[in-house]
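Below: input_4.txt (compact mmCIF, N, CA and C atoms)
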```txt
# COMPACT_ATOMS: atom_id res chain seq x y z
N MET A 1 137.18 137.56 82.70
CA MET A 1 136.83 136.62 83.76
C MET A 1 136.17 137.34 84.94
N MET A 2 136.74 138.49 85.29
CA MET A 2 136.19 139.26 86.41
C MET A 2 134.77 139.74 86.09
N LEU A 3 134.55 140.15 84.84
CA LEU A 3 133.23 140.59 84.44
C LEU A 3 132.22 139.45 84.52
N LYS A 4 132.65 138.24 84.19
CA LYS A 4 131.78 137.06 84.26
C LYS A 4 131.38 136.78 85.72
N ILE A 5 132.30 136.98 86.63
CA ILE A 5 132.00 136.78 88.06
C ILE A 5 131.01 137.83 88.55
N ILE A 6 131.24 139.09 88.15
CA ILE A 6 130.32 140.17 88.54
C ILE A 6 128.94 139.92 87.94
N HIS A 7 128.91 139.51 86.68
CA HIS A 7 127.65 139.22 85.99
C HIS A 7 126.90 138.09 86.68
N SER A 8 127.60 137.03 87.02
CA SER A 8 126.97 135.90 87.69
C SER A 8 126.47 136.30 89.08
N GLY A 9 127.26 137.08 89.78
CA GLY A 9 126.84 137.56 91.10
C GLY A 9 125.60 138.44 91.01
N LEU A 10 125.56 139.30 90.01
CA LEU A 10 124.40 140.17 89.80
C LEU A 10 123.16 139.34 89.50
N LEU A 11 123.32 138.33 88.65
CA LEU A 11 122.21 137.45 88.33
C LEU A 11 121.68 136.77 89.59
N LEU A 12 122.57 136.22 90.39
CA LEU A 12 122.16 135.53 91.61
C LEU A 12 121.51 136.50 92.60
N PHE A 13 122.02 137.73 92.68
CA PHE A 13 121.44 138.73 93.57
C PHE A 13 120.03 139.10 93.13
N VAL A 14 119.83 139.31 91.83
CA VAL A 14 118.51 139.67 91.31
C VAL A 14 117.52 138.53 91.56
N VAL A 15 117.95 137.30 91.33
CA VAL A 15 117.07 136.16 91.56
C VAL A 15 116.75 136.04 93.05
N PHE A 16 117.76 136.19 93.90
CA PHE A 16 117.54 136.11 95.35
C PHE A 16 116.55 137.18 95.81
N MET A 17 116.74 138.42 95.35
CA MET A 17 115.84 139.50 95.75
C MET A 17 114.43 139.27 95.23
N GLY A 18 114.30 138.77 94.01
CA GLY A 18 112.98 138.49 93.45
C GLY A 18 112.26 137.40 94.24
N ILE A 19 112.99 136.34 94.57
CA ILE A 19 112.39 135.26 95.34
C ILE A 19 112.04 135.75 96.74
N LYS A 20 112.92 136.51 97.34
CA LYS A 20 112.68 137.05 98.69
C LYS A 20 111.45 137.95 98.71
N GLN A 21 111.35 138.87 97.76
CA GLN A 21 110.22 139.78 97.72
C GLN A 21 108.93 139.04 97.35
N GLY A 22 109.01 138.15 96.37
CA GLY A 22 107.82 137.38 95.97
C GLY A 22 107.30 136.52 97.10
N TYR A 23 108.21 135.84 97.79
CA TYR A 23 107.79 135.00 98.92
C TYR A 23 107.25 135.87 100.05
N GLY A 24 107.85 137.03 100.26
CA GLY A 24 107.36 137.95 101.29
C GLY A 24 105.94 138.41 101.01
N MET A 25 105.64 138.65 99.74
CA MET A 25 104.28 139.06 99.38
C MET A 25 103.30 137.91 99.56
N ILE A 26 103.70 136.72 99.16
CA ILE A 26 102.82 135.56 99.26
C ILE A 26 102.57 135.19 100.72
N SER A 27 103.62 135.23 101.53
CA SER A 27 103.48 134.84 102.93
C SER A 27 102.92 135.96 103.80
N GLY A 28 102.84 137.17 103.27
CA GLY A 28 102.25 138.28 104.03
C GLY A 28 103.22 138.97 104.97
N SER A 29 104.45 139.16 104.53
CA SER A 29 105.44 139.88 105.32
C SER A 29 104.91 141.28 105.66
N PRO A 30 104.88 141.66 106.95
CA PRO A 30 104.23 142.90 107.35
C PRO A 30 104.74 144.16 106.65
N GLU A 31 106.06 144.28 106.48
CA GLU A 31 106.58 145.51 105.86
C GLU A 31 106.25 145.58 104.37
N ILE A 32 106.28 144.45 103.69
CA ILE A 32 105.94 144.43 102.27
C ILE A 32 104.45 144.67 102.07
N VAL A 33 103.63 144.01 102.90
CA VAL A 33 102.18 144.20 102.81
C VAL A 33 101.82 145.65 103.09
N LYS A 34 102.46 146.26 104.08
CA LYS A 34 102.16 147.66 104.40
C LYS A 34 102.50 148.56 103.22
N MET A 35 103.68 148.34 102.60
CA MET A 35 104.08 149.15 101.46
C MET A 35 103.07 149.03 100.32
N LEU A 36 102.65 147.79 100.02
CA LEU A 36 101.73 147.59 98.91
C LEU A 36 100.32 148.06 99.25
N GLU A 37 99.92 147.96 100.50
CA GLU A 37 98.62 148.50 100.89
C GLU A 37 98.61 150.02 100.79
N ASP A 38 99.76 150.64 101.04
CA ASP A 38 99.87 152.09 100.86
C ASP A 38 99.72 152.48 99.39
N LEU A 39 100.01 151.53 98.50
CA LEU A 39 99.85 151.77 97.07
C LEU A 39 98.48 151.30 96.56
N SER A 40 97.56 151.04 97.49
CA SER A 40 96.17 150.65 97.19
C SER A 40 96.02 149.22 96.67
N PHE A 41 96.91 148.33 97.05
CA PHE A 41 96.77 146.91 96.73
C PHE A 41 95.90 146.27 97.80
N ASN A 42 95.00 145.36 97.41
CA ASN A 42 94.28 144.58 98.42
C ASN A 42 95.01 143.24 98.60
N LYS A 43 94.50 142.40 99.48
CA LYS A 43 95.19 141.14 99.81
C LYS A 43 95.33 140.23 98.58
N THR A 44 94.30 140.14 97.77
CA THR A 44 94.36 139.29 96.58
C THR A 44 95.38 139.82 95.58
N GLU A 45 95.41 141.12 95.38
CA GLU A 45 96.38 141.72 94.45
C GLU A 45 97.81 141.54 94.95
N ILE A 46 98.00 141.63 96.27
CA ILE A 46 99.34 141.40 96.83
C ILE A 46 99.77 139.96 96.57
N LEU A 47 98.86 139.02 96.76
CA LEU A 47 99.16 137.61 96.51
C LEU A 47 99.51 137.38 95.05
N LEU A 48 98.71 137.91 94.13
CA LEU A 48 98.98 137.75 92.70
C LEU A 48 100.28 138.43 92.29
N PHE A 49 100.54 139.62 92.84
CA PHE A 49 101.77 140.34 92.55
C PHE A 49 102.98 139.54 93.04
N GLY A 50 102.83 138.91 94.20
CA GLY A 50 103.90 138.06 94.73
C GLY A 50 104.16 136.85 93.85
N ILE A 51 103.10 136.23 93.35
CA ILE A 51 103.25 135.07 92.47
C ILE A 51 103.95 135.47 91.17
N VAL A 52 103.54 136.60 90.60
CA VAL A 52 104.16 137.08 89.36
C VAL A 52 105.64 137.39 89.60
N THR A 53 105.95 138.04 90.72
CA THR A 53 107.35 138.36 91.04
C THR A 53 108.17 137.09 91.22
N LEU A 54 107.62 136.12 91.92
CA LEU A 54 108.32 134.85 92.14
C LEU A 54 108.55 134.11 90.83
N ILE A 55 107.55 134.08 89.97
CA ILE A 55 107.70 133.42 88.67
C ILE A 55 108.76 134.13 87.83
N GLY A 56 108.74 135.46 87.83
CA GLY A 56 109.74 136.22 87.08
C GLY A 56 111.15 135.91 87.55
N ALA A 57 111.33 135.83 88.86
CA ALA A 57 112.66 135.54 89.41
C ALA A 57 113.13 134.14 89.02
N ILE A 58 112.23 133.19 89.06
CA ILE A 58 112.60 131.81 88.72
C ILE A 58 112.91 131.68 87.23
N LEU A 59 112.16 132.40 86.39
CA LEU A 59 112.40 132.34 84.94
C LEU A 59 113.77 132.87 84.56
N ILE A 60 114.32 133.76 85.35
CA ILE A 60 115.65 134.32 85.05
C ILE A 60 116.73 133.24 85.09
N LEU A 61 116.51 132.19 85.84
CA LEU A 61 117.53 131.17 86.02
C LEU A 61 117.78 130.31 84.78
N HIS A 62 116.82 130.19 83.89
CA HIS A 62 116.96 129.32 82.72
C HIS A 62 117.30 130.16 81.48
N PRO A 63 118.24 129.73 80.66
CA PRO A 63 118.65 130.55 79.51
C PRO A 63 117.53 130.84 78.51
N LYS A 64 116.61 129.90 78.31
CA LYS A 64 115.54 130.12 77.33
C LYS A 64 114.47 131.08 77.84
N THR A 65 114.35 131.24 79.15
CA THR A 65 113.34 132.13 79.72
C THR A 65 113.97 133.34 80.41
N PHE A 66 115.28 133.50 80.23
CA PHE A 66 116.02 134.58 80.88
C PHE A 66 115.46 135.95 80.54
N PHE A 67 115.23 136.21 79.26
CA PHE A 67 114.73 137.51 78.84
C PHE A 67 113.33 137.75 79.38
N MET A 68 112.47 136.75 79.29
CA MET A 68 111.09 136.90 79.76
C MET A 68 111.06 137.14 81.27
N GLY A 69 111.89 136.45 82.01
CA GLY A 69 111.96 136.66 83.45
C GLY A 69 112.39 138.08 83.80
N ASN A 70 113.39 138.57 83.09
CA ASN A 70 113.83 139.95 83.32
C ASN A 70 112.77 140.95 82.90
N LEU A 71 112.04 140.63 81.84
CA LEU A 71 110.96 141.50 81.40
C LEU A 71 109.85 141.57 82.46
N ILE A 72 109.50 140.44 83.02
CA ILE A 72 108.47 140.41 84.07
C ILE A 72 108.95 141.17 85.29
N MET A 73 110.19 140.91 85.71
CA MET A 73 110.72 141.62 86.89
C MET A 73 110.79 143.12 86.63
N GLY A 74 111.24 143.51 85.46
CA GLY A 74 111.31 144.93 85.12
C GLY A 74 109.94 145.58 85.10
N ALA A 75 108.94 144.86 84.56
CA ALA A 75 107.58 145.40 84.50
C ALA A 75 107.00 145.60 85.90
N THR A 76 107.27 144.66 86.80
CA THR A 76 106.76 144.82 88.17
C THR A 76 107.43 146.00 88.86
N ILE A 77 108.71 146.18 88.60
CA ILE A 77 109.43 147.31 89.21
C ILE A 77 108.93 148.63 88.64
N VAL A 78 108.71 148.69 87.32
CA VAL A 78 108.18 149.92 86.71
C VAL A 78 106.80 150.23 87.27
N LEU A 79 105.96 149.21 87.45
CA LEU A 79 104.65 149.42 88.05
C LEU A 79 104.78 150.01 89.45
N LEU A 80 105.69 149.46 90.24
CA LEU A 80 105.90 150.01 91.59
C LEU A 80 106.38 151.45 91.54
N ILE A 81 107.28 151.76 90.59
CA ILE A 81 107.77 153.13 90.47
C ILE A 81 106.62 154.07 90.12
N PHE A 82 105.79 153.70 89.16
CA PHE A 82 104.66 154.55 88.77
C PHE A 82 103.68 154.74 89.92
N LEU A 83 103.39 153.66 90.66
CA LEU A 83 102.47 153.79 91.79
C LEU A 83 103.06 154.65 92.90
N GLN A 84 104.37 154.53 93.12
CA GLN A 84 105.02 155.37 94.12
C GLN A 84 104.93 156.84 93.73
N ILE A 85 105.16 157.13 92.45
CA ILE A 85 105.07 158.51 91.97
C ILE A 85 103.63 159.01 92.07
N GLN A 86 102.68 158.15 91.72
CA GLN A 86 101.28 158.54 91.80
C GLN A 86 100.87 158.89 93.24
N ASN A 87 101.44 158.18 94.20
CA ASN A 87 101.18 158.47 95.61
C ASN A 87 102.11 159.54 96.16
N GLN A 88 102.86 160.19 95.29
CA GLN A 88 103.78 161.27 95.62
C GLN A 88 104.86 160.84 96.61
N ASN A 89 105.29 159.59 96.47
CA ASN A 89 106.39 159.06 97.27
C ASN A 89 107.62 158.96 96.36
N ILE A 90 108.22 160.10 96.10
CA ILE A 90 109.36 160.15 95.17
C ILE A 90 110.55 159.36 95.72
N LYS A 91 110.76 159.41 97.03
CA LYS A 91 111.87 158.66 97.64
C LYS A 91 111.69 157.16 97.38
N GLY A 92 110.47 156.65 97.53
CA GLY A 92 110.20 155.23 97.27
C GLY A 92 110.44 154.87 95.82
N ALA A 93 110.08 155.79 94.91
CA ALA A 93 110.30 155.53 93.48
C ALA A 93 111.79 155.51 93.16
N ILE A 94 112.54 156.41 93.75
CA ILE A 94 113.98 156.46 93.50
C ILE A 94 114.68 155.22 94.04
N ILE A 95 114.18 154.68 95.14
CA ILE A 95 114.77 153.46 95.71
C ILE A 95 114.62 152.28 94.75
N GLU A 96 113.55 152.25 93.96
CA GLU A 96 113.30 151.15 93.03
C GLU A 96 114.17 151.20 91.78
N ILE A 97 114.67 152.38 91.42
CA ILE A 97 115.41 152.55 90.17
C ILE A 97 116.64 151.65 90.06
N PRO A 98 117.48 151.51 91.11
CA PRO A 98 118.64 150.61 90.97
C PRO A 98 118.24 149.16 90.67
N PHE A 99 117.11 148.72 91.21
CA PHE A 99 116.66 147.35 90.95
C PHE A 99 116.23 147.19 89.49
N LEU A 100 115.61 148.22 88.95
CA LEU A 100 115.26 148.21 87.53
C LEU A 100 116.53 148.20 86.67
N LEU A 101 117.51 149.00 87.05
CA LEU A 101 118.77 149.05 86.30
C LEU A 101 119.49 147.71 86.32
N MET A 102 119.39 146.98 87.43
CA MET A 102 120.03 145.65 87.50
C MET A 102 119.43 144.71 86.45
N ASN A 103 118.11 144.73 86.30
CA ASN A 103 117.47 143.88 85.28
C ASN A 103 117.86 144.32 83.88
N ILE A 104 117.95 145.63 83.65
CA ILE A 104 118.35 146.13 82.34
C ILE A 104 119.79 145.71 82.03
N ILE A 105 120.67 145.81 83.00
CA ILE A 105 122.07 145.40 82.81
C ILE A 105 122.15 143.90 82.52
N LEU A 106 121.37 143.10 83.24
CA LEU A 106 121.38 141.66 82.98
C LEU A 106 120.94 141.33 81.56
N VAL A 107 119.91 142.00 81.07
CA VAL A 107 119.46 141.76 79.70
C VAL A 107 120.53 142.18 78.71
N TYR A 108 121.19 143.30 78.97
CA TYR A 108 122.24 143.79 78.08
C TYR A 108 123.41 142.80 78.04
N TRP A 109 123.79 142.26 79.19
CA TRP A 109 124.93 141.34 79.25
C TRP A 109 124.56 139.93 78.80
N LYS A 110 123.29 139.61 78.72
CA LYS A 110 122.77 138.30 78.34
C LYS A 110 123.01 137.26 79.44
N TYR A 111 122.58 136.05 79.22
CA TYR A 111 122.66 134.99 80.21
C TYR A 111 124.12 134.58 80.43
N PRO A 112 124.61 134.62 81.68
CA PRO A 112 126.05 134.39 81.92
C PRO A 112 126.50 132.94 81.79
N PHE A 113 125.63 131.99 81.95
CA PHE A 113 126.06 130.59 81.99
C PHE A 113 125.79 129.83 80.69
N SER A 114 125.39 130.52 79.64
CA SER A 114 124.98 129.83 78.42
C SER A 114 126.11 129.02 77.80
N LYS A 115 127.31 129.55 77.75
CA LYS A 115 128.42 128.80 77.15
C LYS A 115 128.83 127.64 78.03
N VAL A 116 128.72 127.81 79.34
CA VAL A 116 129.07 126.74 80.27
C VAL A 116 128.07 125.60 80.13
N LEU A 117 126.78 125.92 80.02
CA LEU A 117 125.76 124.88 79.93
C LEU A 117 125.73 124.19 78.57
N LEU A 118 126.09 124.91 77.52
CA LEU A 118 126.04 124.33 76.17
C LEU A 118 127.24 123.46 75.86
N ASN A 119 128.35 123.63 76.53
CA ASN A 119 129.55 122.84 76.25
C ASN A 119 129.52 121.53 76.96
```

Will you turn the file into structure tokens for me?
Amino acid sequence: MMLKIIHSGLLLFVVFMGIKQGYGMISGSPEIVKMLEDLSFNKTEILLFGIVTLIGAILILHPKTFFMGNLIMGATIVLLIFLQIQNQNIKGAIIEIPFLLMNIILVYWKYPFSKVLLN
């Protein structure tokens, strides 16, 4: 039971962070825009990256699209890690690793509400 609560909390945290970051990119949050501009993103790419991040976060909420949402979120995080390393910002790349691990853990544990929704 405790693991189910932790799993559900992790899922909600990942979705919240994905929506927060995606919306921040779409709305032009200064700190997010600065970080992505440092990685050579232009305004259009930031907008598209924000839309993809937001879609990935929303897809995690549904059991049939759970894996695809986590795959999209993981791919965006891996892209950020590679770009951070390419720009020799190792600290920035290391900061992204726990977020990638959260998506990997969610995929390993599978969708937490499937039995609740199916019954």

**Request:** For His62 (chain A), work out the shell of residues within 8 Å, counting only N, CA and C atoms and skipping chain neighbours fewer than 5 positions away, then give it as JSON, numbers by chain.
**Result:** {"A": [57, 67, 111]}

**Request:** Mind listing the helix (DSSP H, G or I) residues of chain A, per DSSP on the backbone, as a PyMOL selection string?
**Result:** chain A and resi 2-27+30-38+43-59+66-86+90-109+114-118

**Asked** For Ile60 (chain A), which residue among A:Leu11, A:Met25, A:Ile85, A:Ile46 is the nearest when counting all atoms listed in the file?
**Response**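 Closest to Ile60 (chain A), using all atoms listed in the file: A:Leu11.
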
**Request:** Between atom N of Glu96 (chain A) and CA of Ile81 (chain A), measure the distance and give it in Å to one decimal.
**Result:**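 That distance, rounded to one decimal, is 6.8 Å.
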
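Between Leu10 (chain A) and the residues A:Phe66, A:Gly74, A:Ser40, A:Leu106, the shortest atom-to-atom distance, using all atoms listed in the file, involves A:Leu106.
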
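Considering the residues A:Lys34, A:Pro63, A:Met17, A:Leu3 and counting only N, CA and C atoms, Phe113 (chain A) has its shortest atom-to-atom contact with A:Pro63.
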
Taking all listed atoms of region 88-101 of chain A, build the axis-aligned box, pad each of the six sides by 6 Å, then write its centre and edge lengths in Å to one decimal as JSON.
```
{"center_x": 111.2, "center_y": 154.2, "center_z": 92.0, "size_x": 28.6, "size_y": 26.1, "size_z": 23.3}
```

**Prompt:** Nearest to Leu54 (chain A): which of A:Pro98, A:Pro112, A:Gln21, A:Ala93 is it, counting only N, CA and C atoms?
**Reply:**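 Ranked by minimum distance to Leu54 (chain A), first place goes to A:Gln21.
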
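The space separating atom C of Gln86 (chain A) from atom N of Leu36 (chain A) comes to 13.1 Å.
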
**Who sits within 6 Å of Ile19 (chain A), all atoms listed in the file, same chain under 3 positions skipped, as a PyMOL selection string** = chain A and resi 14-16+22-24+53-54+57

**Fill in**
Between CA of Asn103 (chain A) and CA of Met35 (chain A) lies a distance of 21.7 Å

**Message:** List as a list in words the residues having at least one atom at most 8 Å from position (98.1, 158.8, 99.5) as given in the file, counting all atoms listed in the file.
**Reply:** Asp38, Leu39, Gln86, Asn87, Gln88 and Asn89 of chain A

Using N, CA and C atoms, can you write the selected residues to a file as a compact mmCIF listing (two decimals), keeping the file's coordinate frame?
```txt
# COMPACT_ATOMS: atom_id res chain seq x y z
N ASP A 38 99.76 150.64 101.04
CA ASP A 38 99.87 152.09 100.86
C ASP A 38 99.72 152.48 99.39
N LEU A 39 100.01 151.53 98.50
CA LEU A 39 99.85 151.77 97.07
C LEU A 39 98.48 151.30 96.56
N GLN A 86 102.68 158.15 91.72
CA GLN A 86 101.28 158.54 91.80
C GLN A 86 100.87 158.89 93.24
N ASN A 87 101.44 158.18 94.20
CA ASN A 87 101.18 158.47 95.61
C ASN A 87 102.11 159.54 96.16
N GLN A 88 102.86 160.19 95.29
CA GLN A 88 103.78 161.27 95.62
C GLN A 88 104.86 160.84 96.61
N ASN A 89 105.29 159.59 96.47
CA ASN A 89 106.39 159.06 97.27
C ASN A 89 107.62 158.96 96.36
```

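Residue neighbourhood of Met68 (chain A), excluding near-sequence residues (fewer than 3 positions): Gly56, Leu59, Ile60, Thr65, Leu71 and Ile72 of chain A, at 8 Å, using only C-alpha atoms.
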
**Message:** I want to know what sits within 8 Å of Leu100 (chain A), based on all atoms listed in the file, with residues of the same chain fewer than 4 positions away left out; could you give that as a ChimeraX atom specification?
**Reply:** /A:73-75,77-78,95-96,104-106

**Asked** Out of A:Leu61, A:Met2, A:His7, A:Ile32, which residue has the shortest atom-to-atom distance to Tyr108 (chain A) when counting only C-alpha atoms?
**Response**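 Ranking A:Leu61, A:Met2, A:His7, A:Ile32 by distance to Tyr108 (chain A), first place goes to A:His7.
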